[in-house]
Every structure is written in structure tokens, then in C-alpha cells.
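entry-v9.txt, holding compact mmCIF, C-alpha atoms:
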```txt
# COMPACT_ATOMS: atom_id res chain seq x y z
CA MET A 2 -4.10 -83.10 -26.94
CA LYS A 3 -4.07 -81.45 -23.59
CA MET A 4 -0.72 -79.95 -22.67
CA PRO A 5 0.72 -81.31 -19.50
CA LYS A 6 0.00 -78.95 -16.57
CA SER A 7 3.68 -78.47 -15.90
CA ARG A 8 4.24 -77.05 -19.44
CA THR A 9 1.29 -74.67 -19.09
CA LYS A 10 2.70 -73.38 -15.89
CA SER A 11 6.06 -73.00 -17.55
CA LYS A 12 4.55 -70.96 -20.39
CA ILE A 13 2.71 -68.73 -17.95
CA ALA A 14 5.93 -68.26 -16.06
CA LEU A 15 7.80 -67.35 -19.24
CA LEU A 16 5.11 -64.86 -20.23
CA ALA A 17 5.30 -63.30 -16.79
CA ILE A 18 9.08 -63.08 -16.97
CA PHE A 19 8.92 -61.31 -20.34
CA ALA A 20 6.00 -59.11 -19.36
CA CYS A 21 7.39 -57.95 -16.04
CA PRO A 22 10.28 -55.88 -17.39
CA PHE A 23 7.83 -53.81 -19.46
CA VAL A 24 5.60 -53.26 -16.46
CA VAL A 25 8.55 -52.36 -14.25
CA SER A 26 9.96 -50.14 -16.96
CA ALA A 27 6.72 -48.16 -17.16
CA GLN A 28 6.65 -47.67 -13.39
CA THR A 29 10.21 -46.48 -13.01
CA SER A 30 10.59 -44.17 -16.03
CA ALA A 31 10.32 -40.36 -15.86
CA PRO A 32 6.81 -38.96 -15.09
CA THR A 33 4.74 -39.30 -18.13
CA SER A 34 1.22 -39.39 -16.70
CA PRO A 35 -1.09 -36.70 -18.06
CA VAL A 36 -1.54 -35.08 -14.59
CA LYS A 37 2.18 -34.71 -13.97
CA LYS A 38 2.77 -33.31 -17.45
CA GLN A 39 0.13 -30.63 -16.83
CA GLU A 40 1.71 -29.63 -13.52
CA ALA A 41 5.12 -29.30 -15.14
CA SER A 42 3.80 -27.11 -17.91
CA ASN A 43 1.79 -24.99 -15.43
CA VAL A 44 4.91 -24.30 -13.39
CA ALA A 45 6.67 -23.12 -16.49
CA ARG A 46 3.89 -20.60 -17.27
CA VAL A 47 3.50 -18.92 -13.86
CA PRO A 48 4.49 -15.25 -14.19
CA ASP A 49 6.72 -13.90 -11.44
CA PHE A 50 5.11 -11.24 -9.26
CA SER A 51 7.57 -11.57 -6.42
CA GLY A 52 8.99 -8.60 -4.58
CA ALA A 53 7.49 -5.67 -2.75
CA TRP A 54 5.39 -3.05 -4.50
CA ALA A 55 4.73 0.52 -3.41
CA ILE A 56 1.17 1.85 -3.52
CA PRO A 57 0.97 5.61 -4.15
CA GLY A 58 -1.76 7.47 -2.29
CA GLY A 59 -4.97 7.55 -4.30
CA ALA A 60 -8.33 9.25 -4.11
CA SER A 61 -11.05 8.12 -6.51
CA TYR A 62 -11.74 5.19 -8.83
CA ASP A 63 -13.57 7.44 -11.25
CA PRO A 64 -11.25 7.02 -14.25
CA SER A 65 -12.18 10.48 -15.53
CA ASP A 66 -11.38 12.12 -12.18
CA PRO A 67 -8.85 10.13 -10.13
CA ARG A 68 -8.36 13.01 -7.68
CA GLY A 69 -12.04 13.07 -6.82
CA ASN A 70 -12.39 16.78 -7.51
CA THR A 71 -15.93 16.42 -8.83
CA LEU A 72 -18.00 13.59 -7.45
CA GLU A 73 -21.27 12.05 -8.68
CA LYS A 74 -19.83 11.43 -12.13
CA LEU A 75 -19.78 7.65 -11.94
CA PRO A 76 -23.01 6.00 -13.26
CA MET A 77 -24.65 5.51 -9.87
CA THR A 78 -28.05 4.16 -8.93
CA PRO A 79 -30.19 6.21 -6.55
CA TRP A 80 -29.16 3.82 -3.77
CA ALA A 81 -25.49 4.53 -4.38
CA LEU A 82 -25.99 8.27 -4.79
CA GLU A 83 -27.67 8.46 -1.41
CA LYS A 84 -24.78 6.57 0.19
CA LEU A 85 -22.20 8.80 -1.48
CA ARG A 86 -23.93 11.92 -0.25
CA ALA A 87 -24.08 10.53 3.29
CA ALA A 88 -20.35 9.81 3.28
CA ARG A 89 -18.10 12.35 4.96
CA PRO A 90 -14.63 11.40 3.76
CA GLY A 91 -11.30 13.03 4.44
CA PHE A 92 -10.51 13.38 0.74
CA GLY A 93 -11.99 14.64 -2.47
CA ALA A 94 -14.74 17.12 -3.25
CA ASN A 95 -16.76 16.16 -0.17
CA ALA A 96 -13.74 16.21 2.17
CA THR A 97 -14.17 17.23 5.75
CA PHE A 98 -11.61 17.35 8.52
CA GLU A 99 -13.62 17.36 11.72
CA ALA A 100 -16.84 15.62 10.79
CA VAL A 101 -15.39 12.53 9.12
CA ASN A 102 -17.49 9.36 9.22
CA ASP A 103 -14.91 7.25 7.42
CA PRO A 104 -15.20 3.81 9.09
CA VAL A 105 -11.48 3.18 8.70
CA GLN A 106 -10.47 6.46 10.31
CA LYS A 107 -13.14 6.32 13.00
CA PHE A 108 -13.15 2.64 13.88
CA CYS A 109 -10.15 0.99 12.18
CA ASP A 110 -12.69 -1.00 10.15
CA PRO A 111 -11.20 -3.01 7.27
CA PRO A 112 -10.75 -0.74 4.24
CA GLY A 113 -11.93 -3.33 1.75
CA VAL A 114 -10.13 -4.79 -1.20
CA THR A 115 -10.16 -1.89 -3.65
CA ARG A 116 -9.51 0.84 -1.08
CA MET A 117 -6.37 -1.02 0.02
CA TRP A 118 -4.90 -0.03 -3.34
CA MET A 119 -5.01 3.62 -2.28
CA TYR A 120 -3.15 3.65 1.02
CA PRO A 121 0.51 4.62 0.51
CA TRP A 122 2.15 1.50 1.88
CA ASN A 123 3.69 -1.59 0.30
CA PHE A 124 2.38 -5.05 -0.48
CA SER A 125 3.72 -8.39 -1.70
CA PHE A 126 2.45 -11.49 -3.46
CA ILE A 127 3.30 -14.92 -2.11
CA GLN A 128 2.67 -17.32 -4.99
CA THR A 129 2.06 -20.98 -4.16
CA PRO A 130 0.65 -23.63 -6.52
CA ASP A 131 -2.84 -23.48 -4.98
CA VAL A 132 -3.10 -20.05 -3.41
CA VAL A 133 -1.66 -16.61 -3.99
CA TYR A 134 -1.47 -14.63 -0.79
CA ILE A 135 -1.44 -10.84 -1.01
CA LEU A 136 0.20 -9.30 2.06
CA TYR A 137 -0.44 -5.63 2.81
CA GLU A 138 1.59 -3.43 5.17
CA TRP A 139 -1.40 -1.25 5.94
CA MET A 140 -3.24 -2.67 8.88
CA GLY A 141 -1.41 -5.98 8.47
CA PHE A 142 -4.10 -7.21 6.10
CA TRP A 143 -3.75 -10.14 3.77
CA ARG A 144 -5.96 -11.90 1.24
CA PRO A 145 -5.91 -15.45 -0.03
CA VAL A 146 -6.64 -15.90 -3.74
CA ALA A 147 -7.53 -19.53 -4.45
CA LEU A 148 -6.17 -20.75 -7.76
CA ASN A 149 -7.83 -24.10 -8.37
CA ARG A 150 -11.46 -23.73 -7.48
CA LYS A 151 -14.60 -21.81 -8.30
CA HIS A 152 -16.55 -19.49 -6.00
CA PRO A 153 -18.86 -21.19 -3.55
CA LYS A 154 -22.45 -21.30 -4.76
CA SER A 155 -23.55 -19.11 -1.88
CA PRO A 156 -20.53 -17.22 -0.53
CA ASP A 157 -20.67 -15.43 2.80
CA SER A 158 -20.77 -11.63 2.79
CA THR A 159 -17.42 -10.57 4.16
CA TRP A 160 -15.14 -7.54 4.31
CA MET A 161 -12.75 -8.87 1.67
CA GLY A 162 -15.03 -11.24 -0.25
CA ASP A 163 -14.13 -14.60 -1.78
CA SER A 164 -11.27 -14.34 -4.27
CA ILE A 165 -10.33 -16.86 -6.92
CA GLY A 166 -7.59 -16.32 -9.42
CA TRP A 167 -5.76 -17.64 -12.43
CA TYR A 168 -2.91 -16.75 -14.73
CA GLU A 169 -3.54 -15.58 -18.27
CA GLY A 170 -0.18 -15.50 -19.95
CA ASP A 171 1.84 -13.00 -17.96
CA ASN A 172 -1.21 -11.58 -16.21
CA PHE A 173 -2.68 -12.52 -12.87
CA VAL A 174 -6.45 -12.21 -12.75
CA VAL A 175 -8.42 -12.11 -9.51
CA ASP A 176 -12.20 -12.53 -9.43
CA THR A 177 -13.97 -11.62 -6.18
CA VAL A 178 -17.57 -11.85 -5.03
CA GLY A 179 -19.20 -12.19 -1.63
CA PHE A 180 -18.58 -8.70 -0.28
CA ASN A 181 -20.54 -7.03 2.47
CA ASP A 182 -21.46 -3.41 1.76
CA LYS A 183 -19.66 -1.83 4.71
CA THR A 184 -16.65 -0.46 2.86
CA TRP A 185 -16.03 2.40 0.47
CA ILE A 186 -14.40 1.50 -2.81
CA ASP A 187 -12.06 4.49 -2.56
CA GLN A 188 -10.94 7.38 -0.37
CA VAL A 189 -13.65 9.81 -1.48
CA GLY A 190 -16.56 7.69 -0.33
CA HIS A 191 -17.87 5.94 -3.46
CA PRO A 192 -19.96 3.01 -2.19
CA HIS A 193 -20.48 -0.57 -3.32
CA SER A 194 -23.13 -3.15 -2.55
CA ASP A 195 -22.97 -6.82 -1.67
CA GLN A 196 -23.57 -7.53 -5.33
CA LEU A 197 -20.17 -6.24 -6.35
CA HIS A 198 -18.34 -8.52 -8.74
CA LEU A 199 -14.76 -7.33 -8.86
CA ILE A 200 -12.11 -8.25 -11.39
CA GLU A 201 -8.52 -7.22 -10.71
CA ARG A 202 -5.95 -7.78 -13.41
CA PHE A 203 -2.25 -7.42 -12.63
CA ARG A 204 0.40 -7.15 -15.29
CA HIS A 205 3.99 -6.03 -15.54
CA MET A 206 4.48 -2.89 -17.58
CA ASP A 207 8.18 -3.51 -17.10
CA HIS A 208 10.27 -5.37 -14.56
CA ASP A 209 9.76 -2.71 -11.89
CA THR A 210 6.31 -1.42 -12.72
CA LEU A 211 3.05 -3.18 -12.08
CA GLU A 212 -0.30 -2.09 -13.40
CA ILE A 213 -3.56 -3.11 -11.81
CA SER A 214 -6.78 -2.80 -13.73
CA VAL A 215 -9.75 -2.73 -11.34
CA SER A 216 -13.15 -3.49 -12.91
CA PHE A 217 -16.35 -2.92 -10.96
CA GLU A 218 -19.62 -4.62 -11.85
CA ASP A 219 -22.26 -3.83 -9.25
CA PRO A 220 -25.81 -3.49 -10.61
CA LYS A 221 -27.22 -2.39 -7.25
CA ALA A 222 -24.80 0.53 -7.03
CA TYR A 223 -23.73 1.35 -10.59
CA THR A 224 -25.82 1.34 -13.75
CA ALA A 225 -22.81 0.37 -15.85
CA PRO A 226 -19.51 -1.35 -15.13
CA PHE A 227 -16.38 0.76 -15.04
CA THR A 228 -12.65 0.19 -14.87
CA ALA A 229 -9.82 2.21 -13.41
CA LYS A 230 -6.10 1.57 -13.30
CA ARG A 231 -3.34 2.15 -10.80
CA ILE A 232 0.42 1.84 -11.08
CA PHE A 233 2.73 0.32 -8.50
CA LYS A 234 6.50 0.67 -8.47
CA ARG A 235 8.85 -1.96 -7.17
CA SER A 236 10.14 -1.19 -3.67
CA PHE A 237 13.22 -2.61 -2.01
CA ALA A 238 12.31 -1.50 1.48
CA PRO A 239 11.61 -4.47 3.74
CA LEU A 240 7.92 -5.18 4.20
CA GLU A 241 6.70 -3.89 7.56
CA VAL A 242 3.33 -3.48 9.20
CA THR A 243 1.43 -0.35 10.18
CA LEU A 244 -1.41 -1.38 12.44
CA CYS A 245 -4.57 0.57 13.08
CA SER A 246 -5.17 0.90 16.81
CA MET A 247 -8.37 2.44 18.13
CA THR A 248 -6.60 3.84 21.21
CA GLU A 249 -3.85 5.42 19.09
CA MET A 250 -6.45 6.86 16.74
CA GLN A 251 -8.38 8.28 19.70
CA ASN A 252 -5.25 9.82 21.22
CA PHE A 253 -4.42 11.41 17.89
CA ASP A 254 -7.95 12.68 17.57
CA ASP A 255 -7.83 14.26 21.02
CA GLU A 256 -4.39 15.76 20.59
CA VAL A 257 -4.42 16.98 17.00
CA MET A 258 -7.69 16.63 15.13
CA LYS A 259 -9.86 18.34 17.72
CA THR A 260 -7.37 21.16 18.14
CA THR A 261 -7.11 21.72 14.41
CA THR A 262 -10.83 22.00 13.88
CA GLY A 263 -13.57 24.22 15.09
CA ALA A 264 -13.71 27.99 15.44
CA PRO A 265 -10.60 30.04 14.64
CA LYS A 266 -8.23 30.30 17.58
CA LYS A 267 -6.61 33.55 18.69
CA MET B 6 23.94 8.29 9.29
CA GLY B 7 26.94 6.06 9.78
CA ASP B 8 25.62 4.41 12.90
CA GLY B 9 24.95 1.08 11.25
CA ARG B 10 21.21 1.43 11.09
CA CYS B 11 19.16 1.39 7.97
CA ARG B 12 18.76 4.91 6.75
CA LEU B 13 17.00 6.35 3.81
CA SER B 14 17.90 9.59 2.25
CA VAL B 15 15.85 11.96 0.28
CA GLY B 16 13.49 10.04 -1.91
CA CYS B 17 15.74 6.99 -1.87
CA HIS B 18 15.40 3.45 -0.65
CA VAL B 19 17.80 1.19 1.11
CA ILE B 20 18.67 -1.98 -0.67
CA GLY B 21 20.27 -4.78 1.23
CA GLY B 22 20.91 -5.33 4.90
CA CYS B 23 21.40 -2.59 7.37
CA ASN B 24 24.77 -3.45 8.74
CA HIS B 25 26.82 -4.37 5.78
CA LEU B 26 25.92 -2.40 2.72
CA LEU B 27 23.95 0.71 2.27
CA PHE B 28 23.39 2.15 -1.10
CA TYR B 29 20.81 4.34 -2.61
CA TYR B 30 19.04 4.73 -5.81
CA LYS B 31 16.84 7.35 -7.25
CA GLU B 32 13.21 6.68 -6.45
CA PRO B 33 11.00 6.59 -9.50
CA GLY B 34 9.56 9.98 -10.06
CA ASN B 35 11.94 11.67 -7.64
CA ASN B 36 12.95 14.88 -9.31
CA LEU B 37 15.32 16.09 -6.61
CA PRO B 38 18.72 17.24 -7.85
CA PRO B 39 21.75 15.02 -7.22
CA SER B 40 23.06 17.36 -4.52
CA ASN B 41 20.20 16.25 -2.29
CA TRP B 42 21.08 12.57 -2.57
CA ARG B 43 23.14 11.31 0.28
CA TYR B 44 24.76 7.92 0.29
CA THR B 45 26.77 5.83 2.64
CA VAL B 46 28.96 3.05 1.26
CA LYS B 47 30.62 0.87 3.81
CA TYR B 48 32.41 -1.27 1.28
CA LYS B 49 34.37 -0.08 -1.73
CA PHE B 50 31.44 -0.90 -3.91
CA VAL B 51 29.57 1.64 -5.88
CA MET B 52 26.10 0.67 -6.85
CA ALA B 53 24.25 2.89 -9.18
CA LEU B 54 20.75 1.56 -9.63
CA VAL B 55 18.51 4.14 -11.12
CA LEU B 56 15.01 3.03 -11.78
CA ALA B 57 13.24 4.42 -14.75
CA ALA B 58 11.42 7.53 -13.65
CA GLY B 59 8.00 6.19 -14.47
CA GLY B 60 6.35 8.69 -12.23
CA LEU B 61 3.79 7.99 -9.58
CA LEU B 62 0.12 8.54 -9.95
CA ALA B 63 -0.42 11.81 -8.18
CA ALA B 64 -1.21 11.54 -4.51
CA SER B 65 -1.68 15.28 -4.21
CA SER B 66 -1.90 15.69 -0.48
CA ILE B 67 -3.15 12.20 0.20
CA SER B 68 -2.32 11.71 3.82
CA ALA B 69 -1.89 8.29 5.28
CA HIS B 70 -5.17 7.79 7.02
CA HIS B 71 -6.96 11.13 7.25
CA GLY B 72 -7.56 14.12 5.01
CA VAL B 73 -5.62 17.36 5.17
CA SER B 74 -8.35 19.92 4.64
CA GLY B 75 -7.85 21.24 8.17
CA TYR B 76 -4.45 22.55 7.13
CA ASP B 77 -3.60 25.28 4.64
CA MET B 78 -1.63 23.19 2.16
CA GLU B 79 -0.84 26.22 0.00
CA LYS B 80 1.00 27.91 2.84
CA VAL B 81 4.27 27.02 4.52
CA ILE B 82 5.42 28.74 7.67
CA THR B 83 8.51 28.14 9.80
CA VAL B 84 8.11 27.36 13.46
CA THR B 85 11.18 27.73 15.68
CA GLY B 86 11.57 26.58 19.25
CA THR B 87 12.62 23.76 21.52
CA VAL B 88 11.45 20.18 21.13
CA THR B 89 9.62 18.94 24.21
CA SER B 90 8.64 15.54 22.87
CA PHE B 91 8.88 13.43 19.73
CA ASN B 92 6.31 10.67 19.53
CA TRP B 93 7.38 7.98 17.02
CA ALA B 94 4.07 6.15 16.77
CA ASN B 95 1.03 5.45 14.66
CA PRO B 96 -1.08 6.84 13.24
CA HIS B 97 1.26 9.83 12.87
CA CYS B 98 4.59 10.73 14.38
CA MET B 99 4.20 13.96 16.33
CA VAL B 100 6.60 16.55 17.62
CA HIS B 101 5.76 19.06 20.32
CA ILE B 102 7.68 22.32 20.19
CA ASP B 103 7.74 25.12 22.74
CA VAL B 104 7.61 28.28 20.64
CA LYS B 105 7.83 31.82 21.97
CA ASP B 106 5.32 34.12 20.40
CA GLY B 107 5.79 37.82 19.76
CA ASN B 108 4.86 38.64 23.37
CA GLY B 109 7.33 36.22 24.83
CA ALA B 110 4.64 33.73 25.84
CA VAL B 111 5.43 30.09 25.18
CA LYS B 112 2.99 28.18 23.04
CA ASP B 113 2.89 24.42 22.51
CA TRP B 114 3.01 23.68 18.81
CA ILE B 115 2.04 20.20 17.65
CA ILE B 116 3.51 19.19 14.31
CA GLU B 117 2.11 16.13 12.61
CA LEU B 118 4.31 13.89 10.46
CA ALA B 119 3.64 10.62 8.64
CA ALA B 120 3.45 7.14 10.18
CA PRO B 121 6.76 5.60 11.32
CA THR B 122 7.03 3.21 8.36
CA ILE B 123 6.68 6.09 5.94
CA MET B 124 9.02 8.38 7.87
CA THR B 125 11.62 5.59 7.92
CA ARG B 126 11.49 5.45 4.17
CA PHE B 127 12.09 9.17 4.05
CA GLY B 128 15.21 8.76 6.18
CA TRP B 129 13.98 9.51 9.68
CA ALA B 130 14.25 7.38 12.82
CA LYS B 131 12.80 7.46 16.29
CA ASP B 132 15.75 9.50 17.56
CA SER B 133 15.78 12.03 14.72
CA LEU B 134 14.46 14.52 17.22
CA LYS B 135 14.96 14.59 20.97
CA PRO B 136 13.57 16.71 23.79
CA GLY B 137 15.80 19.75 24.15
CA ASP B 138 16.67 19.98 20.46
CA THR B 139 16.55 23.42 18.95
CA LEU B 140 14.26 23.05 15.99
CA SER B 141 13.26 25.11 13.04
CA ALA B 142 10.44 23.35 11.20
CA GLU B 143 8.48 24.17 8.08
CA THR B 144 4.85 23.28 8.33
CA HIS B 145 1.44 23.74 6.71
CA PRO B 146 -0.45 25.54 9.49
CA ALA B 147 -3.96 24.82 10.72
CA ARG B 148 -6.59 26.89 8.98
CA ASN B 149 -8.28 27.84 12.22
CA GLY B 150 -5.15 29.43 13.69
CA ALA B 151 -4.49 26.63 16.16
CA THR B 152 -0.86 25.91 16.98
CA THR B 153 -0.85 22.73 14.94
CA GLY B 154 0.67 21.97 11.57
CA LEU B 155 1.21 19.21 9.06
CA SER B 156 4.80 18.68 7.98
CA GLY B 157 4.90 15.15 6.67
CA TYR B 158 2.61 12.73 4.91
CA ALA B 159 2.77 10.10 2.19
CA SER B 160 4.40 12.23 -0.44
CA GLU B 161 6.00 15.16 1.36
CA VAL B 162 8.28 15.91 4.29
CA LEU B 163 9.00 19.60 4.83
CA LYS B 164 12.35 21.01 5.95
CA PHE B 165 13.36 20.42 9.55
CA VAL B 166 16.62 21.77 10.95
CA ALA B 167 17.46 20.35 14.37
CA ASN B 168 20.51 21.70 16.23
CA GLY B 169 21.73 23.15 12.96
CA ARG B 170 21.47 19.80 11.12
CA GLU B 171 18.94 19.39 8.35
CA LEU B 172 16.86 16.24 8.47
CA PRO B 173 15.80 14.42 5.26
CA SER B 174 13.04 16.17 3.42
CA HIS B 175 11.05 15.24 0.36
CA ALA B 176 9.46 17.39 -2.26
CA GLY B 177 5.70 17.60 -2.46
CA PRO B 178 3.31 15.76 -4.75
CA MET B 179 3.91 15.85 -8.46
CA ALA B 180 1.48 16.69 -11.18
CA PRO B 181 -0.71 13.76 -12.21
CA ASN B 182 0.28 11.67 -15.24
```
Can the structure from this file be put into C-alpha cells for me?
Amino acid sequence: MKMPKSRTKSKIALLAIFACPFVVSAQTSAPTSPVKKQEASNVARVPDFSGAWAIPGGASYDPSDPRGNTLEKLPMTPWALEKLRAARPGFGANATFEAVNDPVQKFCDPPGVTRMWMYPWNFSFIQTPDVVYILYEWMGFWRPVALNRKHPKSPDSTWMGDSIGWYEGDNFVVDTVGFNDKTWIDQVGHPHSDQLHLIERFRHMDHDTLEISVSFEDPKAYTAPFTAKRIFKRSFAPLEVTLCSMTEMQNFDDEVMKTTTGAPKK
Amino acid sequence: MGDGRCRLSVGCHVIGGCNHLLFYYKEPGNNLPPSNWRYTVKYKFVMALVLAAGGLLAASSISAHHGVSGYDMEKVITVTGTVTSFNWANPHCMVHIDVKDGNGAVKDWIIELAAPTIMTRFGWAKDSLKPGDTLSAETHPARNGATTGLSGYASEVLKFVANGRELPSHAGPMAPN
């Protein structure tokens, strides 16, 4: 026998009344969705790289010869060897004072990512959920390291490349491609090509000591990958900026460099 | 010192704000004896923060932006005269000194120091030297005999005595580790 319409409606209403509290309860309880749980656990695992870090002056990324006393020891291709021999740096075995063709010293060109780790100024990390910004005192440079994406399929060729990063336990790993070939990797003139694939791995040796492991894979320039390390100490000096001005560089050149070079003076 | 500005002493760093608390700690790898540490404590608060001397990777005459091969880094001479200018600017702070040579002629010596940010961390400021100061400065002289010298860079500031007062100095690069 068909139920009267009014009773059907009543039953539907009763079901709704009993069902609603469960629906409401699910909507107003603490976050339990899978996405929110992942975010919470990610926040808990982010290692703390805050603070300012002091870069000691460096010379060469050759791990067997960090002072650059004997060059041409890295496993270079003929292309790279030719570039190294054409370089006239201010440091290392090929150092020159008056005939320097270092693009940073001559033109205030960007030093490039790895060479920044050799200028004796400070830097800081600014860690956000999607990007880690690395701020450098030297030349006021900074780099964004994207945390939640991959490299573009065809990255531009730029001075600093395209950096992506992630955390592995207490380490921060940065993977960079998309370099141009206009920079030296270090202060003694070792080159790199636009095929450089760079991995930088940061870790705390202790609370006030950071180690960076810099791994170079560049088949156009080097016949084998190589890795070098540098150590940074925590600094409490406020982060400042030392800019590179062409006019200041030229004045310094005219006043000091040119006087200090050339034939012996009486 | 004592004028309320941030100051850094030999091999030390300032922690905290400039105008309320100044205290110093031993920079990692700084091997200078305690007598060279200077500290100013405005409040009755003694802070002894000594970082583990982990040691820095050797810079060994790594200048800030250019090489040093034009100078004789194995040699230190002392130049004495009167400051005519002190340029607190990038890329390198520079001091001009009128120096009388053996014949009584006055020569213009140009002494190169590190960039302002680095000199600040060694304890200098833009008024550390003024025109008219009597100055006795150690320097690595130019190899070609020019009246130029290098007295300060990333890891070293040689001894300067201005008007009888010694300015902060910092020992040279350490052996690599």
C-alpha cells in the first residue's frame, strides 16, 4: 500500500535531521583532509637555516687545490681548457694585477652562483613555504629557489640559472640549470658552459657552522663531475649591501691599480 | 668607542643593537690573545659568547674584489706622515698620506683598505681617520716601487696608529684546514 505523501515527506525530513549533524560535524572538526595533514607535517620537517652566514674568501673549486696554486688539474674538455687559459684572473696560479679580464672586476658583471660563495661577505636564507630566497651582501644579489615545482622544459640561459630546491631531512638541496656561460665558477677563472647542472647541498655541521657541498656536472666543460665543499660560520653582524659601481671601480682603477702596475717607479 | 655607535673590535662581532648593548665574542678562528679584545658594556651585563673555533677555510690574501699580486705580501713597511684624505667608499676605502722622503720631498702615498662593510666588521668607521691626523701605517708596498700599499682586505688589517691611538687591526690569513 502506498504510504501517504505526508508520511514520506516526514521520513525524509527525519533522515535529513539525523544526517545533518554528521555532515556539519565533519565540516567543523579539526583539519583532517589529506592535503592539510601533509602541509602540517611538512612544516614540522623544515630545517632552520635562519640567520646570517659569513663567507670566507675563496679561490678555486678544485677540491685537491682550493688555493688555485696549480691550475689545469680539473678534468677539463679542450673547450674549457682554452677558456681557462684565456682567463686573466686576479687570483691563483694565473693571477695578474694589471691585465685582469675578470668580468666582475672590469664590468661589475654578475659573479654567478658558485663564485658568490667565494666573496668574503655575508648571506642569509629567507625560507617561505614555496620559495627560499638567498640574499647576498655582495653586489646586493639574491636568488629565488622554488620549492614546489620542476625546472621548465626549456629554461632561459641566465646569469644565475633556474633553481629549484627541496629539503632532505636536515639538508637543503638546490638544483640549478639554465645558466649562460658568461661567468667563472671561481676566482681563478675555471669556466662553465650553459650545460652546467649544479647541485648545492647545505647542512648544519653544528648550530653555528654551515657546510655547502657544490657539485658540478657540465659535460661540455668537464669530462667528469666533481664536488667541492665550503664552510660558513654564523655571523651576528647585520646584513648590509656592498654594491659594485662601474664609476667607483673606474676611479679606483685610475687612482690605485694603474699606479701600482707597470714599470718600477723611482 | 663609547660614542653609541656600533663598533667592532679585533676579530669580534657586535651582537645586538648599537645604542643599548655592545658585547663581543671571539670570532671563530680568531687566534688573537685576550689582551687584544676590547669590549664595551653599557649595562651591568657580562656576555661571554665564545663560538667554537672551527677555523675558516684559508683565504690567504683573497682580497675583496681584485687580486693582490701587485703588492709584496711578504713584506710590511711602515709609512709615517699626515693624512690628507680618507675615502670611506667602495670598492676599497683609501687613505692618502703626505710622507716626507729622505730628501725632505713630500710624496703622496695611497693606502688601500677593504670595503666599508668589511672595515666596519674590523672595528673601523668613516671617521677613524681624518685629514690632518698624524699617521703611522703598516702596509704591504707595491712591487713596482710606487707609493701605494695594501693594508686591509678580507682577512687582514695591518697596524695603524693615528694621533698616538692604535686603530683595530686583525691578524693575517691562517693556514688552510
Atom CA of Lys183 of chain A to atom CA of Thr159 of chain A, distance in Å rounded to a single decimal: 9.0 Å
Interatomic distance, atom CA of Trp160 of chain A to atom CA of Val146 of chain A (Å, one decimal): 14.4 Å
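Excluding segment 110-113 of chain A itself and any same-chain residue fewer than 2 positions from it, the protein and nucleic acid residues within 8 Å of it, counting all atoms listed in the file, are Pro104, Val105, Gln106, Lys107, Phe108, Thr115, Arg116, Met117, Trp160, Met161, Thr184, Trp185 and Ile186 of chain A.
Minimum atom-to-atom distances from B:Ser156, B:Ser90, B:Asn149, B:Asn108 to chain A were compared using all atoms listed in the file, and the lowest value belongs to B:Asn149.
Picture a line from atom CA of Ile200 of chain A to atom CA of Arg89 of chain A; it runs 27.0 Å.
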Among the residues A:Ser61, A:Thr248, A:Ser51, A:Thr243, the one that comes closest to chain B [using all atoms listed in the file]: A:Thr243
Nearest to Val174 of chain A, chosen from A:Leu197, A:Trp122, A:Arg204, A:Pro156, with all atoms listed in the file counted in the distances: A:Arg204
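Candidate residues A:Gly179, A:Pro64, A:Pro48, A:Pro90 were compared for distance to chain B, and the nearest is A:Pro90, using only C-alpha atoms.
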Test item: residues at most 7 Å from Pro121 of chain B, all atoms listed in the file, excluding those fewer than 6 positions along its chain, as JSON, numbers by chain: {"B": [93, 94, 95, 98]}
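Closest approach to Val111 of chain B from the set B:Thr144, B:Thr152, B:Ser160, B:Ser74 is made by B:Thr152, with distances taken over all atoms listed in the file.
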Ref. answer, residues at most 9 Å from (6.2, -12.0, -2.8) with all atoms listed in the file, as an NGL selection string: :A and (49-53 or 124-128 or 134-136)
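Of the listed residues (B:Asn168, B:Ser141, B:Thr89, B:Thr153), B:Thr153 comes nearest to chain A; the distances count only C-alpha atoms.
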Spatial neighbours of segment 239-242 of chain A, max dist 10 Å, all atoms listed in the file, sep filter under 2 positions, as a VMD selection string: (chain A and resid 52 to 54 122 to 125 136 to 142 236 to 237 244 to 245) or (chain B and resid 18 to 22 121 to 122 126)
